[in-house]
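In what follows, a structure is listed as structure tokens, so that the remarks can point back to it.
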Amino acid sequence: MLHENSYDNFVPDVNRICAVGLDLKFGEEEGLTTNTPPPLGPRILQDFPEVETAARTFFLQETVVRRETPGQAPLVFNENTAYGADTAFLELFNFPMLQGNASTALDRSNTVVLSERMAEKYFGKKSPMGQTLFFNDTQYTVTGVAKNLPLNSTLRFDFLLSMSTFKVVDNFAWSWLWLQVDTWVKLREAVTPATGGPGSQISHDGQGTCSSRVQSDWH
């Protein structure tokens, strides 16, 4: 199921960007979920030429973020706006970057893109580029700073961590039952969910289906 994002008008080509959900059927039980399995994004990109690009996000529960500075006490906060994200995510949404390159910022493992507000919170007026932060004791290098998102944004993130860092996602790359990532697609021009977005069976062994449907209030 594709849900059309209707009010994030600050995003270029917002009418071509959709969240993907699944109509699942297990035996006699049926249900709808916007949580999706890791293989779904790559499979959509492979099977549906009307999709220009796809990206996944992985919400991190409350995360302890720490900055260490020699000779000073660590700066430590609990944060709840951190996500793992595929490399393509920043370009898919075309989020404005104040520092760094959207197309490469999340290419490598253990890299992170900060929002403007978090860059200031942890680094003050200094550039955070190339500096390190610890997320639950795992070290990340700052490779970008994104402009703060407006209040009407569906997505509320302040930290985007490279998806390749999360071995748990990689370990379930084969699984159609581990529904822990969100999947986003950008349709090609002249394609909309109502006029021909992905809408056929795409999951393994018939365990779920993905069908096109406009639902503007998915958020």
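In the structure tokens, the first chain shown is A, the next is B, and so on; residue numbers restart at 1 for each chain, and ligands run from 1 in the order shown.
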Residues flagged alpha helix (DSSP H) by DSSP in chain A, as JSON, numbers by chain: {"A": [40, 41, 42, 43, 44, 45, 46, 47, 89, 90, 91, 92, 93, 116, 117, 118, 119, 120, 121, 122, 123, 167, 168, 169, 170, 171]}
Store the residues picked out above, limited to C-alpha atoms, as a PDB file, in the first residue's frame.
```pdb
ATOM      1  CA  LEU A  40      10.913  -4.620   0.660  1.00  0.00           C
ATOM      2  CA  GLY A  41      12.638  -1.430  -0.512  1.00  0.00           C
ATOM      3  CA  PRO A  42      15.246  -3.174  -2.682  1.00  0.00           C
ATOM      4  CA  ARG A  43      12.566  -5.501  -4.079  1.00  0.00           C
ATOM      5  CA  ILE A  44      10.296  -2.602  -5.059  1.00  0.00           C
ATOM      6  CA  LEU A  45      13.192  -0.842  -6.759  1.00  0.00           C
ATOM      7  CA  GLN A  46      14.019  -4.027  -8.649  1.00  0.00           C
ATOM      8  CA  ASP A  47      10.501  -4.978  -9.728  1.00  0.00           C
ATOM      9  CA  PHE A  89      17.158   8.866   2.031  1.00  0.00           C
ATOM     10  CA  LEU A  90      18.478  12.436   2.021  1.00  0.00           C
ATOM     11  CA  GLU A  91      18.331  12.721  -1.761  1.00  0.00           C
ATOM     12  CA  LEU A  92      14.915  11.070  -1.958  1.00  0.00           C
ATOM     13  CA  PHE A  93      13.454  13.847   0.186  1.00  0.00           C
ATOM     14  CA  GLU A 116      21.113  22.173  12.583  1.00  0.00           C
ATOM     15  CA  ARG A 117      19.753  22.338  16.138  1.00  0.00           C
ATOM     16  CA  MET A 118      21.658  19.246  17.242  1.00  0.00           C
ATOM     17  CA  ALA A 119      24.861  20.495  15.672  1.00  0.00           C
ATOM     18  CA  GLU A 120      24.553  23.596  17.848  1.00  0.00           C
ATOM     19  CA  LYS A 121      23.483  21.621  20.921  1.00  0.00           C
ATOM     20  CA  TYR A 122      26.526  19.359  20.858  1.00  0.00           C
ATOM     21  CA  PHE A 123      29.161  21.512  19.168  1.00  0.00           C
ATOM     22  CA  LYS A 167      23.914  -5.319  11.841  1.00  0.00           C
ATOM     23  CA  VAL A 168      20.477  -6.279  13.127  1.00  0.00           C
ATOM     24  CA  VAL A 169      18.934  -4.891   9.923  1.00  0.00           C
ATOM     25  CA  ASP A 170      21.524  -6.645   7.785  1.00  0.00           C
ATOM     26  CA  ASN A 171      20.949  -9.891   9.675  1.00  0.00           C
TER      27      ASN A 171
END
```
Distance in Å - atom CA of A:Pro38 versus atom CA of A:Thr57: 9.6 Å
Counting only C-alpha atoms, the option among A:Phe95, A:Val112, A:Gly130, A:Val20 closest to A:Asn35: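 Under the stated criterion, the closest residue is A:Val20.
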Counting only C-alpha atoms, the residue of A:Thr69, A:Ser127, A:Thr81, A:Asn94 that sits nearest A:Ile17: A:Asn94
Point-to-point distance from atom CA of A:Asp86 to atom CA of A:Ser164, Å rounded to tenths: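 About the pair atom CA of A:Asp86 and atom CA of A:Ser164: they are 7.5 Å apart.
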Strand (DSSP E or B) residues, from DSSP on the backbone, in stretch 43-190 of chain A, as a VMD selection string: chain A and resid 51 to 59 63 to 67 75 to 79 82 to 85 97 to 99 111 to 115 132 to 135 138 to 146 159 to 162 181 to 187
Selected residues written out, C-alpha atoms, as a PDB file, in the first residue's frame:
```
ATOM      1  CA  VAL A  51       9.782   3.786  -8.830  1.00  0.00           C
ATOM      2  CA  GLU A  52      12.705   6.174  -9.192  1.00  0.00           C
ATOM      3  CA  THR A  53      14.342   5.482  -5.840  1.00  0.00           C
ATOM      4  CA  ALA A  54      13.639   3.831  -2.507  1.00  0.00           C
ATOM      5  CA  ALA A  55      15.050   4.224   0.983  1.00  0.00           C
ATOM      6  CA  ARG A  56      14.478   2.769   4.424  1.00  0.00           C
ATOM      7  CA  THR A  57      14.554   4.225   7.915  1.00  0.00           C
ATOM      8  CA  PHE A  58      14.931   2.413  11.216  1.00  0.00           C
ATOM      9  CA  PHE A  59      13.681   4.171  14.344  1.00  0.00           C
ATOM     10  CA  THR A  63      19.243   6.780  22.569  1.00  0.00           C
ATOM     11  CA  VAL A  64      22.019   8.024  24.824  1.00  0.00           C
ATOM     12  CA  VAL A  65      24.145  10.479  22.838  1.00  0.00           C
ATOM     13  CA  ARG A  66      27.519  11.500  24.215  1.00  0.00           C
ATOM     14  CA  ARG A  67      30.174  13.953  23.120  1.00  0.00           C
ATOM     15  CA  LEU A  75      28.123  16.067  27.272  1.00  0.00           C
ATOM     16  CA  VAL A  76      25.352  13.462  27.565  1.00  0.00           C
ATOM     17  CA  PHE A  77      21.666  13.570  26.598  1.00  0.00           C
ATOM     18  CA  ASN A  78      18.866  11.077  26.056  1.00  0.00           C
ATOM     19  CA  GLU A  79      17.467  11.589  22.553  1.00  0.00           C
ATOM     20  CA  ALA A  82      17.431   9.263  15.940  1.00  0.00           C
ATOM     21  CA  TYR A  83      16.975   7.015  12.907  1.00  0.00           C
ATOM     22  CA  GLY A  84      19.061   4.683  10.863  1.00  0.00           C
ATOM     23  CA  ALA A  85      18.725   5.673   7.200  1.00  0.00           C
ATOM     24  CA  MET A  97      22.086  20.332   3.598  1.00  0.00           C
ATOM     25  CA  LEU A  98      24.008  23.100   5.355  1.00  0.00           C
ATOM     26  CA  GLN A  99      27.196  21.031   5.415  1.00  0.00           C
ATOM     27  CA  THR A 111      28.511   8.063  10.042  1.00  0.00           C
ATOM     28  CA  VAL A 112      25.799  10.480  11.142  1.00  0.00           C
ATOM     29  CA  VAL A 113      24.012  13.541   9.772  1.00  0.00           C
ATOM     30  CA  LEU A 114      22.810  16.024  12.390  1.00  0.00           C
ATOM     31  CA  SER A 115      20.034  18.568  12.259  1.00  0.00           C
ATOM     32  CA  THR A 132      32.651  12.240  16.740  1.00  0.00           C
ATOM     33  CA  LEU A 133      29.582  11.431  18.806  1.00  0.00           C
ATOM     34  CA  PHE A 134      28.736   8.248  20.671  1.00  0.00           C
ATOM     35  CA  PHE A 135      25.291   6.706  20.305  1.00  0.00           C
ATOM     36  CA  THR A 138      29.044   3.250  19.469  1.00  0.00           C
ATOM     37  CA  GLN A 139      31.208   5.928  17.848  1.00  0.00           C
ATOM     38  CA  TYR A 140      30.000   7.846  14.797  1.00  0.00           C
ATOM     39  CA  THR A 141      31.661  10.498  12.655  1.00  0.00           C
ATOM     40  CA  VAL A 142      29.629  13.558  11.672  1.00  0.00           C
ATOM     41  CA  THR A 143      29.462  13.787   7.873  1.00  0.00           C
ATOM     42  CA  GLY A 144      26.673  16.313   7.383  1.00  0.00           C
ATOM     43  CA  VAL A 145      24.362  18.920   8.871  1.00  0.00           C
ATOM     44  CA  ALA A 146      20.796  19.216   7.574  1.00  0.00           C
ATOM     45  CA  PHE A 159      20.060  12.360  13.800  1.00  0.00           C
ATOM     46  CA  LEU A 160      20.371  10.148  10.723  1.00  0.00           C
ATOM     47  CA  LEU A 161      22.777   7.280  11.263  1.00  0.00           C
ATOM     48  CA  SER A 162      24.068   5.211   8.364  1.00  0.00           C
ATOM     49  CA  VAL A 181      11.810  -0.584   9.093  1.00  0.00           C
ATOM     50  CA  ASP A 182       9.871   2.122   7.284  1.00  0.00           C
ATOM     51  CA  THR A 183      10.117   2.117   3.499  1.00  0.00           C
ATOM     52  CA  TRP A 184       9.860   5.232   1.346  1.00  0.00           C
ATOM     53  CA  VAL A 185       9.675   5.492  -2.431  1.00  0.00           C
ATOM     54  CA  LYS A 186       9.860   8.314  -4.931  1.00  0.00           C
ATOM     55  CA  LEU A 187       7.823   7.681  -8.059  1.00  0.00           C
TER      56      LEU A 187
END
```
Which of A:Leu60, A:Gln131, A:Pro39, A:Glu50 sits closest to A:Phe157 [using only C-alpha atoms]: A:Leu60
Best match for closeness to A:Leu179 among A:Pro96, A:Pro74, A:Gly31, A:Pro37, counting only C-alpha atoms: A:Pro37
Atomic distance atom CA of A:Asp137 - atom CA of A:Asn80, expressed in Å with one decimal: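 Separating atom CA of A:Asp137 from atom CA of A:Asn80 is a distance of 15.7 Å.
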